[in-house]
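Text of work15.cif, listed as mmCIF, C-alpha atoms:
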data_data
loop_
_atom_site.label_atom_id
_atom_site.label_comp_id
_atom_site.auth_asym_id
_atom_site.auth_seq_id
_atom_site.Cartn_x
_atom_site.Cartn_y
_atom_site.Cartn_z
CA MET A 1 0.00 0.00 0.00
CA ALA A 2 1.28 3.47 -0.88
CA ALA A 3 1.92 5.78 2.04
CA GLN A 4 2.13 9.54 2.39
CA ASN A 5 5.25 11.01 0.83
CA ALA A 6 8.04 10.84 3.41
CA PHE A 7 9.45 14.15 2.15
CA ASN A 8 6.37 16.33 2.55
CA THR A 9 8.31 18.34 5.13
CA ILE A 10 10.27 19.91 2.25
CA LEU A 11 7.18 20.57 0.11
CA LYS A 12 7.27 24.33 -0.46
CA THR A 13 5.30 26.95 -2.35
CA LEU A 14 6.95 28.69 -5.29
CA GLU A 15 5.87 32.31 -5.05
CA LYS A 16 5.28 34.62 -8.00
CA PRO A 17 7.21 37.93 -7.92
CA ASP A 18 3.99 39.96 -8.07
CA GLY A 19 2.03 37.83 -5.59
CA GLY A 20 0.25 34.53 -5.89
CA GLU A 21 2.00 31.23 -6.48
CA PHE A 22 3.24 29.09 -9.32
CA GLY A 23 2.63 25.85 -7.44
CA LYS A 24 4.12 23.41 -4.93
CA TYR A 25 7.55 21.83 -5.25
CA TYR A 26 9.98 19.66 -3.29
CA CYS A 27 12.88 21.87 -2.24
CA LEU A 28 16.14 19.90 -2.41
CA PRO A 29 18.21 22.52 -0.53
CA ALA A 30 15.78 22.19 2.40
CA LEU A 31 17.22 18.73 3.09
CA ASN A 32 20.40 20.49 4.29
CA ASP A 33 22.54 17.61 3.04
CA PRO A 34 25.98 18.72 1.78
CA ARG A 35 26.18 15.65 -0.46
CA ILE A 36 23.46 17.09 -2.69
CA ASP A 37 25.60 20.13 -3.54
CA LYS A 38 28.26 17.81 -4.95
CA LEU A 39 25.91 15.91 -7.24
CA PRO A 40 26.03 16.45 -11.02
CA TYR A 41 22.91 18.18 -12.32
CA CYS A 42 21.73 15.05 -14.12
CA ILE A 43 21.86 13.05 -10.88
CA LYS A 44 19.95 15.81 -9.09
CA ILE A 45 17.16 15.23 -11.61
CA LEU A 46 17.07 11.57 -10.60
CA LEU A 47 16.97 12.67 -6.97
CA GLU A 48 14.14 15.16 -7.45
CA SER A 49 12.06 12.57 -9.30
CA ALA A 50 12.60 9.97 -6.57
CA ILE A 51 11.65 12.44 -3.83
CA ARG A 52 8.53 13.63 -5.65
CA ASN A 53 7.35 10.06 -6.22
CA CYS A 54 8.40 8.60 -2.87
CA ASP A 55 5.40 6.63 -1.60
CA GLU A 56 7.32 3.87 0.27
CA PHE A 57 5.81 1.41 -2.20
CA GLN A 58 7.13 1.95 -5.71
CA VAL A 59 9.77 4.45 -4.63
CA LYS A 60 11.16 4.17 -1.11
CA SER A 61 13.19 6.43 1.17
CA LYS A 62 16.12 4.05 0.86
CA ASP A 63 16.09 4.66 -2.91
CA VAL A 64 16.34 8.39 -2.27
CA GLU A 65 19.29 7.79 0.07
CA LYS A 66 21.05 5.74 -2.64
CA ILE A 67 20.87 8.71 -4.99
CA ILE A 68 21.95 11.25 -2.38
CA ASP A 69 24.95 9.02 -1.62
CA TRP A 70 25.67 8.70 -5.35
CA GLU A 71 29.42 9.20 -4.95
CA ASN A 72 29.63 5.96 -2.97
CA THR A 73 26.73 3.95 -4.40
CA SER A 74 27.17 4.43 -8.17
CA PRO A 75 30.39 2.35 -8.35
CA LYS A 76 28.46 -0.52 -6.71
CA GLN A 77 25.91 -0.76 -9.56
CA VAL A 78 22.94 -0.28 -7.23
CA GLU A 79 19.44 -0.18 -8.70
CA ILE A 80 16.90 2.59 -8.31
CA PRO A 81 13.31 3.01 -9.56
CA PHE A 82 12.77 5.63 -12.25
CA MET A 83 9.38 7.23 -12.98
CA PRO A 84 9.43 9.50 -16.06
CA ALA A 85 7.17 12.52 -16.29
CA ARG A 86 6.32 11.93 -19.95
CA VAL A 87 6.50 9.33 -22.73
CA LEU A 88 7.11 10.14 -26.38
CA LEU A 89 6.28 7.48 -28.99
CA GLN A 90 6.86 7.14 -32.70
CA ASP A 91 4.23 5.23 -34.59
CA ALA A 92 6.20 2.02 -35.21
CA THR A 93 6.07 1.16 -31.51
CA GLY A 94 3.25 3.52 -30.61
CA VAL A 95 0.60 1.53 -32.48
CA PRO A 96 1.13 -1.64 -30.37
CA ALA A 97 0.94 0.49 -27.22
CA VAL A 98 -2.43 1.92 -28.26
CA VAL A 99 -3.61 -1.57 -29.22
CA ASP A 100 -2.71 -2.81 -25.73
CA LEU A 101 -4.66 0.05 -24.13
CA ALA A 102 -7.64 -0.76 -26.34
CA CYS A 103 -7.44 -4.43 -25.32
CA MET A 104 -7.40 -3.40 -21.67
CA ARG A 105 -10.58 -1.42 -22.24
CA ASP A 106 -12.22 -4.46 -23.86
CA ALA A 107 -11.21 -6.60 -20.90
CA MET A 108 -12.58 -4.01 -18.47
CA ASN A 109 -15.91 -4.01 -20.35
CA LYS A 110 -16.12 -7.81 -20.15
CA LEU A 111 -15.55 -7.60 -16.40
CA GLY A 112 -18.39 -5.11 -16.09
CA GLY A 113 -16.14 -2.22 -15.12
CA ASP A 114 -15.76 1.32 -16.41
CA SER A 115 -13.43 1.09 -19.43
CA ASN A 116 -13.01 4.87 -19.51
CA LYS A 117 -10.76 4.50 -16.47
CA ILE A 118 -8.10 2.90 -18.69
CA ASN A 119 -5.84 5.82 -19.67
CA PRO A 120 -2.12 6.65 -19.64
CA LEU A 121 -1.14 8.03 -16.23
CA VAL A 122 1.54 10.32 -17.66
CA PRO A 123 1.32 12.58 -20.74
CA VAL A 124 1.96 10.61 -23.94
CA ASP A 125 2.79 12.14 -27.32
CA LEU A 126 2.68 9.86 -30.36
CA VAL A 127 4.27 11.24 -33.53
CA ILE A 128 3.30 9.56 -36.81
CA ASP A 129 6.47 9.83 -38.88
CA HIS A 130 7.53 6.30 -39.88
CA SER A 131 5.14 5.71 -42.79
CA VAL A 132 6.33 8.29 -45.31
CA GLN A 133 7.69 7.09 -48.68
CA VAL A 134 8.97 9.05 -51.65
CA ASP A 135 7.08 7.98 -54.75
CA VAL A 136 7.04 11.37 -56.44
CA ALA A 137 10.02 13.71 -56.70
CA GLY A 138 11.17 16.64 -58.78
CA SER A 139 7.78 18.29 -59.13
CA GLU A 140 5.89 21.09 -57.41
CA ASP A 141 3.17 18.75 -56.15
CA ALA A 142 5.58 16.08 -54.84
CA VAL A 143 4.82 16.69 -51.16
CA GLN A 144 1.05 16.62 -51.66
CA ALA A 145 1.22 13.54 -53.90
CA ASN A 146 3.38 11.61 -51.44
CA MET A 147 1.10 12.52 -48.53
CA GLU A 148 -1.99 11.35 -50.43
CA LEU A 149 -0.32 8.00 -51.13
CA GLU A 150 0.73 7.77 -47.48
CA PHE A 151 -2.87 8.23 -46.30
CA GLN A 152 -4.18 5.70 -48.84
CA ARG A 153 -1.70 3.03 -47.76
CA ASN A 154 -2.15 3.59 -44.02
CA LYS A 155 -5.86 4.41 -43.88
CA GLU A 156 -6.79 1.72 -41.34
CA ARG A 157 -3.80 2.41 -39.08
CA PHE A 158 -4.31 6.18 -39.16
CA ALA A 159 -8.03 5.78 -38.40
CA PHE A 160 -7.17 3.64 -35.38
CA LEU A 161 -4.66 6.19 -34.06
CA LYS A 162 -7.20 8.97 -34.64
CA TRP A 163 -9.65 6.99 -32.51
CA GLY A 164 -6.99 6.57 -29.82
CA SER A 165 -6.28 10.30 -29.70
CA ASN A 166 -9.97 10.96 -28.97
CA ALA A 167 -10.64 7.94 -26.75
CA PHE A 168 -7.77 8.24 -24.26
CA ASP A 169 -7.04 11.03 -21.84
CA ASN A 170 -3.45 12.20 -21.53
CA MET A 171 -2.61 11.21 -25.12
CA LEU A 172 -1.77 13.50 -28.02
CA VAL A 173 -1.31 12.08 -31.54
CA VAL A 174 0.65 14.26 -33.97
CA PRO A 175 -0.77 13.61 -37.47
CA PRO A 176 1.46 12.59 -40.41
CA GLY A 177 2.95 15.32 -42.55
CA LEU A 178 3.76 17.73 -39.72
CA GLY A 179 7.33 16.65 -38.99
CA ILE A 180 9.48 13.91 -37.54
CA VAL A 181 9.76 12.94 -33.89
CA HIS A 182 13.07 14.84 -33.58
CA GLN A 183 11.29 18.12 -34.21
CA PHE A 184 8.44 17.53 -31.81
CA GLN A 185 10.53 16.40 -28.90
CA GLY A 186 13.67 18.48 -29.28
CA ARG A 187 12.60 21.72 -30.86
CA GLU A 188 8.89 22.30 -30.68
CA LYS A 189 6.02 22.65 -28.21
CA GLU A 190 6.34 19.17 -26.73
CA SER A 191 9.48 20.04 -24.73
CA HIS A 192 8.85 21.06 -21.14
CA THR A 193 11.83 21.77 -18.88
CA VAL A 194 9.63 21.77 -15.78
CA THR A 195 6.36 19.85 -15.39
CA ASP A 196 3.25 21.66 -14.28
CA ASP A 197 1.19 19.51 -11.93
CA GLU A 198 3.33 19.39 -8.84
CA LEU A 199 6.33 21.37 -10.01
CA GLY A 200 9.15 19.01 -10.88
CA LEU A 201 11.95 18.44 -13.32
CA ALA A 202 10.92 16.95 -16.64
CA TRP A 203 11.80 13.40 -17.59
CA THR A 204 11.16 11.84 -20.96
CA GLN A 205 11.19 8.24 -22.12
CA ASN A 206 10.99 7.54 -25.82
CA THR A 207 10.89 4.47 -28.04
CA TYR A 208 13.28 6.18 -30.46
CA SER A 209 17.06 5.82 -30.12
CA HIS A 210 17.83 9.51 -30.61
CA THR A 211 15.57 10.69 -27.81
CA THR A 212 18.74 12.14 -26.31
CA MET A 213 18.35 15.22 -28.50
CA ILE A 214 16.09 16.54 -25.74
CA ASP A 215 19.05 16.54 -23.30
CA GLY A 216 20.40 19.60 -25.10
CA LEU A 217 17.42 21.49 -23.68
CA GLY A 218 18.05 20.41 -20.09
CA VAL A 219 15.34 17.72 -20.16
CA ALA A 220 16.63 14.30 -19.11
CA GLY A 221 15.57 11.64 -21.59
CA TRP A 222 16.74 8.55 -23.44
CA GLY A 223 15.39 5.76 -25.61
CA VAL A 224 13.74 2.64 -24.24
CA GLY A 225 11.86 -0.35 -25.64
CA GLY A 226 8.13 -0.56 -26.13
CA ILE A 227 7.54 -2.63 -22.97
CA GLU A 228 9.34 -0.10 -20.78
CA ALA A 229 7.44 2.75 -22.44
CA GLU A 230 4.09 1.05 -21.83
CA ALA A 231 5.00 0.40 -18.20
CA ALA A 232 5.81 4.09 -17.76
CA MET A 233 2.52 5.05 -19.44
CA LEU A 234 0.70 2.98 -16.83
CA GLY A 235 2.53 4.57 -13.91
CA GLN A 236 5.01 1.79 -13.26
CA PRO A 237 8.62 2.60 -12.36
CA MET A 238 11.49 1.28 -14.43
CA SER A 239 14.37 -0.26 -12.53
CA MET A 240 17.69 1.20 -13.62
CA VAL A 241 21.29 1.09 -12.44
CA LEU A 242 22.36 4.33 -10.78
CA PRO A 243 24.78 5.56 -13.46
CA GLY A 244 28.25 6.95 -13.23
CA VAL A 245 28.74 10.41 -14.72
CA VAL A 246 31.51 11.62 -17.02
CA GLY A 247 32.01 15.38 -17.03
CA PHE A 248 33.03 16.98 -20.33
CA LYS A 249 34.50 20.45 -19.86
CA LEU A 250 34.06 22.97 -22.67
CA LEU A 251 36.43 25.93 -22.92
CA GLY A 252 36.65 28.92 -25.27
CA LYS A 253 34.64 28.98 -28.49
CA LEU A 254 34.78 27.55 -32.00
CA ARG A 255 37.23 29.22 -34.39
CA ASP A 256 36.01 30.68 -37.65
CA GLY A 257 35.45 27.96 -40.20
CA VAL A 258 34.93 25.22 -37.62
CA THR A 259 31.42 23.81 -37.97
CA ALA A 260 29.08 22.19 -35.48
CA THR A 261 29.67 18.92 -37.32
CA ASP A 262 33.41 19.20 -36.63
CA LEU A 263 32.69 19.75 -32.95
CA VAL A 264 30.20 16.87 -32.69
CA LEU A 265 32.51 14.38 -34.40
CA THR A 266 35.43 15.45 -32.20
CA VAL A 267 33.36 15.08 -29.02
CA THR A 268 32.11 11.68 -30.21
CA GLN A 269 35.65 10.48 -30.94
CA MET A 270 36.90 11.59 -27.50
CA LEU A 271 34.03 9.97 -25.63
CA ARG A 272 34.31 6.73 -27.59
CA LYS A 273 38.00 6.58 -26.74
CA HIS A 274 37.33 7.22 -23.05
CA GLY A 275 34.44 4.76 -22.80
CA VAL A 276 31.07 6.00 -21.58
CA VAL A 277 28.74 3.03 -22.21
CA GLY A 278 25.99 2.93 -19.58
CA LYS A 279 26.99 6.34 -18.18
CA PHE A 280 25.59 9.84 -18.23
CA VAL A 281 27.77 12.53 -19.82
CA GLU A 282 27.32 16.04 -18.45
CA PHE A 283 28.74 19.06 -20.26
CA TYR A 284 29.92 22.08 -18.30
CA GLY A 285 32.48 24.89 -18.30
CA GLU A 286 32.63 28.48 -19.50
CA GLY A 287 32.58 27.32 -23.13
CA MET A 288 28.94 26.37 -22.65
CA GLY A 289 27.95 30.03 -22.94
CA GLU A 290 29.35 30.10 -26.48
CA LEU A 291 27.53 26.99 -27.65
CA SER A 292 24.12 27.49 -29.26
CA LEU A 293 21.21 25.33 -28.19
CA ALA A 294 21.08 23.84 -31.70
CA ASP A 295 24.72 22.71 -31.36
CA ARG A 296 24.01 21.33 -27.88
CA ALA A 297 21.08 19.33 -29.25
CA THR A 298 23.30 17.97 -32.02
CA ILE A 299 25.90 16.78 -29.51
CA ALA A 300 23.21 15.31 -27.24
CA ASN A 301 21.60 13.61 -30.24
CA MET A 302 24.83 11.68 -30.83
CA SER A 303 24.71 9.94 -27.43
CA PRO A 304 23.90 6.53 -28.99
CA ASP A 305 26.94 7.00 -31.24
CA TYR A 306 29.40 7.65 -28.41
CA GLY A 307 27.67 5.04 -26.25
CA ALA A 308 26.35 7.09 -23.34
CA THR A 309 22.83 6.80 -21.97
CA MET A 310 22.55 10.55 -22.42
CA GLY A 311 24.68 13.65 -23.00
CA PHE A 312 23.19 16.28 -20.71
CA PHE A 313 23.32 20.08 -20.88
CA PRO A 314 21.91 21.76 -17.73
CA VAL A 315 19.49 24.67 -18.10
CA ASP A 316 21.04 28.13 -18.44
CA HIS A 317 20.16 31.51 -19.93
CA LEU A 318 20.42 30.15 -23.50
CA THR A 319 17.83 27.51 -22.68
CA LEU A 320 15.44 30.19 -21.45
CA GLN A 321 16.05 32.24 -24.60
CA TYR A 322 15.12 29.21 -26.67
CA LEU A 323 11.92 28.65 -24.70
CA GLN A 324 10.97 32.26 -25.40
CA LEU A 325 11.82 31.87 -29.08
CA THR A 326 9.52 28.84 -29.37
CA GLY A 327 6.49 30.59 -27.93
CA ARG A 328 6.48 29.89 -24.21
CA SER A 329 4.75 32.60 -22.20
CA ASP A 330 6.70 35.02 -20.02
CA GLU A 331 5.00 33.54 -16.97
CA THR A 332 6.02 30.00 -17.88
CA ILE A 333 9.63 31.05 -18.42
CA ALA A 334 9.61 32.99 -15.14
CA MET A 335 8.27 29.92 -13.35
CA ILE A 336 10.96 27.67 -14.85
CA GLU A 337 13.79 30.04 -13.95
CA SER A 338 12.48 30.67 -10.44
CA TYR A 339 12.02 26.97 -9.75
CA LEU A 340 15.44 25.97 -11.08
CA ARG A 341 17.26 28.76 -9.25
CA THR A 342 15.47 27.96 -6.00
CA THR A 343 16.40 24.28 -6.26
CA LYS A 344 19.99 25.13 -7.38
CA MET A 345 19.47 23.50 -10.75
CA PHE A 346 20.08 26.59 -12.90
CA VAL A 347 23.56 27.24 -14.30
CA ASP A 348 24.68 30.86 -14.04
CA TYR A 349 28.09 31.42 -15.62
CA ASN A 350 28.50 34.63 -13.63
CA GLU A 351 28.54 32.62 -10.42
CA GLU A 352 31.22 30.34 -9.14
CA SER A 353 30.51 26.82 -10.35
CA ILE A 354 30.21 24.03 -7.86
CA HIS A 355 32.75 21.25 -7.82
CA HIS A 356 31.33 18.06 -9.27
CA MET A 357 32.53 14.78 -7.79
CA PHE A 358 32.83 12.93 -11.09
CA PHE A 359 35.45 12.19 -13.70
CA LEU A 360 36.40 15.25 -15.74
CA LEU A 361 37.31 14.67 -19.38
#

When written as structure tokens, how does the structure in this file appear?
Amino acid sequence: MAAQNAFNTILKTLEKPDGGEFGKYYCLPALNDPRIDKLPYCIKILLESAIRNCDEFQVKSKDVEKIIDWENTSPKQVEIPFMPARVLLQDATGVPAVVDLACMRDAMNKLGGDSNKINPLVPVDLVIDHSVQVDVAGSEDAVQANMELEFQRNKERFAFLKWGSNAFDNMLVVPPGLGIVHQFQGREKESHTVTDDELGLAWTQNTYSHTTMIDGLGVAGWGVGGIEAEAAMLGQPMSMVLPGVVGFKLLGKLRDGVTATDLVLTVTQMLRKHGVVGKFVEFYGEGMGELSLADRATIANMSPDYGATMGFFPVDHLTLQYLQLTGRSDETIAMIESYLRTTKMFVDYNEESIHHMFFLL
């Protein structure tokens, strides 16, 4: 049986500058534990998630302690439960997930229950982008012609996904023809640095290998299989090994004529040589201020190529500028900055950086 959150004593109210409140949040600094100050930002995200979901059933206080004591526990390959705040699906694996939900509703009906209670427990975005083919090229109507053929070939599947988008709460289906999953998770409206319900840091699980693009925006995410994604959709934690973290220090800025591709391939080569399989990579240093968010996303996107679980860029002023550029409201951006500064999760290059207790590359 789930119990009351053991960390409700650090549940605080995030005040608005002009009065009122943004919402409630778990204040990590209120734990007054010096070990937290030494944690890499990506491990702090694991910690915040564990604290927010601590019910002594799926996530226990001892799991929180494992993360706080990361410096000592990570070399021992200890396991912790992970509960993402959001799941992003592409249609190749998203269709089976919706089929399973539909089957659960049928089973609920047969048992005489209320089938409308069967819904994802976390927000789910399903992007239809794996059915496009190029049959027509070199003409002005090529895009329209290819889309018409795509709809003809996938009529039954698209109709089913359309039904799913209307039938299930907490599920958004992005129709074909609007873009690929990269765009919707890494660059567009689907990226949320801070979740809204009970304020918390955003987590993403995705059934696509290059989910890690989102890490360039300060949102922790990586690719998983369909079973893990479905479990997360239904509110079940995923057991994961508490990872080691490799710090990658960036200095200076790119010289004229050096492209983002040059940088990404160099970073990939260095990390492959060092060996980062199963680890988080966290980028830091004064050079971060010279690196555009697009370049950060490109480096993060290459995580599967250099073998890391994710390549993480903490939130800073460039992240906030990007959120403004992509249409977030001033209030939302103010809430994100206030929350992250209060929880010591915002990187300010004008302030002295904390010393991270992890390997520096």

Inset, instruction - Name the residues in contact with Tyr322 (chain A) at a cut-off of 10 Å, using all atoms listed in the file, excluding same-chain residues fewer than 4 positions from it; report them as an MDAnalysis selection string. - result: chainID A and resid 187 217 292:294 317:318 326:328

Inset, instruction - Could you tell me how far CA of Gly164 (chain A) lies from CA of Met147 (chain A), in Å and to one decimal? - result: 21.2 Å

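Closest to Pro120 (chain A) among A:Glu230, A:Gly221, A:Leu89, A:Leu31 is A:Glu230, based on all atoms listed in the file.
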
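Using all atoms listed in the file, the residues found no farther than 8 Å from region 167-172 of chain A, other than those of its own chain fewer than 5 positions away, are A:Asn116, A:Ile118, A:Asn119, A:Pro120, A:Leu121, A:Val122, A:Pro123, A:Val124, A:Asp125, A:Leu126.
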
Legend entry - d(CA of Met345 (chain A), CA of Lys38 (chain A)) in Å: 12.0 Å

Inset, instruction - Name all residues at most 10 Å from region 92-98 of chain A (count all atoms listed in the file; drop same-chain ones fewer than 2 positions away) and give them as a PyMOL selection string. - result: chain A and resi 88-90+100-104+120+124-131+157-158+160-161+163-165+168+171+173+206-208+225-227+229-231+233

Inset, instruction - Output the residue selection produced by the PyMOL selection byres ((chain A and resi 249-253) around 9) on the file above, formatted as an MDAnalysis selection string. - result: chainID A and resid 247:248 254:255 282:291 360:361

Please produce an output containing C-alpha atoms for each residue in the selection, written as a compact mmCIF listing (two decimals), keeping the file's coordinate frame.
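Below is the file again_19.txt, written as the result:
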# COMPACT_ATOMS: atom_id res chain seq x y z
CA GLY A 247 32.01 15.38 -17.03
CA PHE A 248 33.03 16.98 -20.33
CA LEU A 254 34.78 27.55 -32.00
CA ARG A 255 37.23 29.22 -34.39
CA GLU A 282 27.32 16.04 -18.45
CA PHE A 283 28.74 19.06 -20.26
CA TYR A 284 29.92 22.08 -18.30
CA GLY A 285 32.48 24.89 -18.30
CA GLU A 286 32.63 28.48 -19.50
CA GLY A 287 32.58 27.32 -23.13
CA MET A 288 28.94 26.37 -22.65
CA GLY A 289 27.95 30.03 -22.94
CA GLU A 290 29.35 30.10 -26.48
CA LEU A 291 27.53 26.99 -27.65
CA LEU A 360 36.40 15.25 -15.74
CA LEU A 361 37.31 14.67 -19.38

Legend entry - Selection result for the PyMOL selection byres ((chain A and resi 132) around 12) on this file, as an MDAnalysis selection string: chainID A and resid 91:92 128:131 133:136 143:154 175:180

Inset, instruction - Name all residues at most 12 Å from Ala50 (chain A) (count only C-alpha atoms; drop same-chain ones fewer than 3 positions away) and give them as a VMD selection string. - result: chain A and resid 5 to 7 26 28 43 to 47 53 to 68 80 to 85 200 to 201 203 237 to 239

Which residues, named as in the file, does the PyMOL selection byres ((chain A and resi 295-311) around 9) pick out? Answer as an mmCIF file with C-alpha atoms, in the coordinates of the input.
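Full text of result-v6.cif as output:
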data_model
loop_
_atom_site.group_PDB
_atom_site.id
_atom_site.type_symbol
_atom_site.label_atom_id
_atom_site.label_comp_id
_atom_site.auth_asym_id
_atom_site.auth_seq_id
_atom_site.Cartn_x
_atom_site.Cartn_y
_atom_site.Cartn_z
ATOM 1 C CA GLY A 186 13.670 18.480 -29.280
ATOM 2 C CA ARG A 187 12.600 21.720 -30.860
ATOM 3 C CA SER A 209 17.060 5.820 -30.120
ATOM 4 C CA HIS A 210 17.830 9.510 -30.610
ATOM 5 C CA THR A 211 15.570 10.690 -27.810
ATOM 6 C CA THR A 212 18.740 12.140 -26.310
ATOM 7 C CA MET A 213 18.350 15.220 -28.500
ATOM 8 C CA ILE A 214 16.090 16.540 -25.740
ATOM 9 C CA ASP A 215 19.050 16.540 -23.300
ATOM 10 C CA GLY A 216 20.400 19.600 -25.100
ATOM 11 C CA LEU A 217 17.420 21.490 -23.680
ATOM 12 C CA ALA A 220 16.630 14.300 -19.110
ATOM 13 C CA GLY A 221 15.570 11.640 -21.590
ATOM 14 C CA TRP A 222 16.740 8.550 -23.440
ATOM 15 C CA GLY A 223 15.390 5.760 -25.610
ATOM 16 C CA PRO A 243 24.780 5.560 -13.460
ATOM 17 C CA ALA A 260 29.080 22.190 -35.480
ATOM 18 C CA THR A 261 29.670 18.920 -37.320
ATOM 19 C CA LEU A 263 32.690 19.750 -32.950
ATOM 20 C CA VAL A 264 30.200 16.870 -32.690
ATOM 21 C CA LEU A 265 32.510 14.380 -34.400
ATOM 22 C CA VAL A 267 33.360 15.080 -29.020
ATOM 23 C CA THR A 268 32.110 11.680 -30.210
ATOM 24 C CA GLN A 269 35.650 10.480 -30.940
ATOM 25 C CA MET A 270 36.900 11.590 -27.500
ATOM 26 C CA LEU A 271 34.030 9.970 -25.630
ATOM 27 C CA ARG A 272 34.310 6.730 -27.590
ATOM 28 C CA LYS A 273 38.000 6.580 -26.740
ATOM 29 C CA GLY A 275 34.440 4.760 -22.800
ATOM 30 C CA VAL A 276 31.070 6.000 -21.580
ATOM 31 C CA VAL A 277 28.740 3.030 -22.210
ATOM 32 C CA GLY A 278 25.990 2.930 -19.580
ATOM 33 C CA LYS A 279 26.990 6.340 -18.180
ATOM 34 C CA PHE A 280 25.590 9.840 -18.230
ATOM 35 C CA VAL A 281 27.770 12.530 -19.820
ATOM 36 C CA GLU A 282 27.320 16.040 -18.450
ATOM 37 C CA PHE A 283 28.740 19.060 -20.260
ATOM 38 C CA MET A 288 28.940 26.370 -22.650
ATOM 39 C CA LEU A 291 27.530 26.990 -27.650
ATOM 40 C CA SER A 292 24.120 27.490 -29.260
ATOM 41 C CA LEU A 293 21.210 25.330 -28.190
ATOM 42 C CA ALA A 294 21.080 23.840 -31.700
ATOM 43 C CA PHE A 312 23.190 16.280 -20.710
ATOM 44 C CA PHE A 313 23.320 20.080 -20.880
#

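As for CA of Asp330 (chain A) and CA of Thr342 (chain A), they are spaced 18.0 Å apart.
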
Legend entry - Nearest to Leu242 (chain A), chosen from A:Ser139, A:Asn8, A:Ser329, A:Thr73, with all atoms listed in the file counted in the distances: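 Between A:Ser139, A:Asn8, A:Ser329, A:Thr73, the residue approaching Leu242 (chain A) most closely is A:Thr73.
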
Inset, instruction - Name all residues at most 7 Å from Val347 (chain A) (count all atoms listed in the file; drop same-chain ones fewer than 2 positions away) and give them as a list in words. - result: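 Within the cut-off, the hits are Pro314, Val315, Asp316, Met345 and Tyr349 of chain A.
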